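Structure, as structure tokens:
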Amino acid sequence: MERRHIYSVDSEGNKREYDVILTFHNDNNDKDYVVYTNNQTDENGKLKIYSSIYNPDTDEMLGNPETREEWEQIIKLLNDVFK
């Protein structure tokens, strides 16, 4: 399976690469999400995972999930993927 990547540019102009874990569309709020990682771990040794609302046609990041319901759906999908 080919890995998909997304990129961001930090405040200093450095391009950063992230591996996409999954993308999905939420029919309840008509938003698309991307869940991704930079393959680094936190102080507890757990993989750092991020999520953003995005445009699937352009891969443009549109913001972060804001509601508890959005995060609950993301966590549920991640749990299903990592089982």
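Naming works like this for the structure tokens: A, B, ... for the chains as they're shown, residue 1 at the start of each chain, ligands 1 onward in shown order.
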
**Message:** Could you list, as a list in words, every residue within 7 Å of Ser51 of chain A, counting only C-alpha atoms and ignoring same-chain residues fewer than 6 positions away?
**Reply:**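 Near Ser51 of chain A, the qualifying residues are Tyr33, Val34, Val35, Tyr36 and Asn64 of chain A.
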
With C-alpha atoms retained, write the just-selected residues as a short mmCIF file (atom, residue, chain, number, x, y, z; two decimals), in the first residue's frame.
data_model
loop_
_atom_site.label_atom_id
_atom_site.label_comp_id
_atom_site.auth_asym_id
_atom_site.auth_seq_id
_atom_site.Cartn_x
_atom_site.Cartn_y
_atom_site.Cartn_z
CA TYR A 33 -11.26 15.17 8.04
CA VAL A 34 -7.69 13.99 7.75
CA VAL A 35 -5.92 12.18 10.60
CA TYR A 36 -2.13 12.22 10.37
CA ASN A 64 -9.19 21.90 13.61
#

**Message:** Run DSSP on the backbone and tell me which residues of chain A come out as strand (DSSP E or B); list them as an NGL selection string.
**Reply:** :A and (5-9 or 15-26 or 31-41 or 47-55 or 60-63)

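By only C-alpha atoms, and with residues fewer than 5 positions from Arg16 of chain A along its chain excluded, the set lying at most 12 Å from it is His5, Ile6, Tyr7, Ser8, Val9, Asp10, Ser11, Thr37, Asn38 and Asn39 of chain A.
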
**Request:** Would you return as a PyMOL selection string the members of chain A that DSSP assigns to helix (DSSP H, G or I) on this structure's backbone?
**Result:** chain A and resi 68-81

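Closest approach to Glu60 of chain A among A:Asp32, A:Glu12, A:Asp42, A:Arg4: A:Asp32, based on only C-alpha atoms.
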
**Request:** Using only C-alpha atoms, determine which residues lie at most 9 Å from Arg3 of chain A, disregarding the query and same-chain residues fewer than 5 positions distant; provide the list as a ChimeraX atom specification.
**Result:** /A:19-21

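Considering only C-alpha atoms, the residue among A:Gly63, A:Pro56, A:Glu43, A:Leu22 positioned nearest to Ile75 of chain A is A:Leu22.
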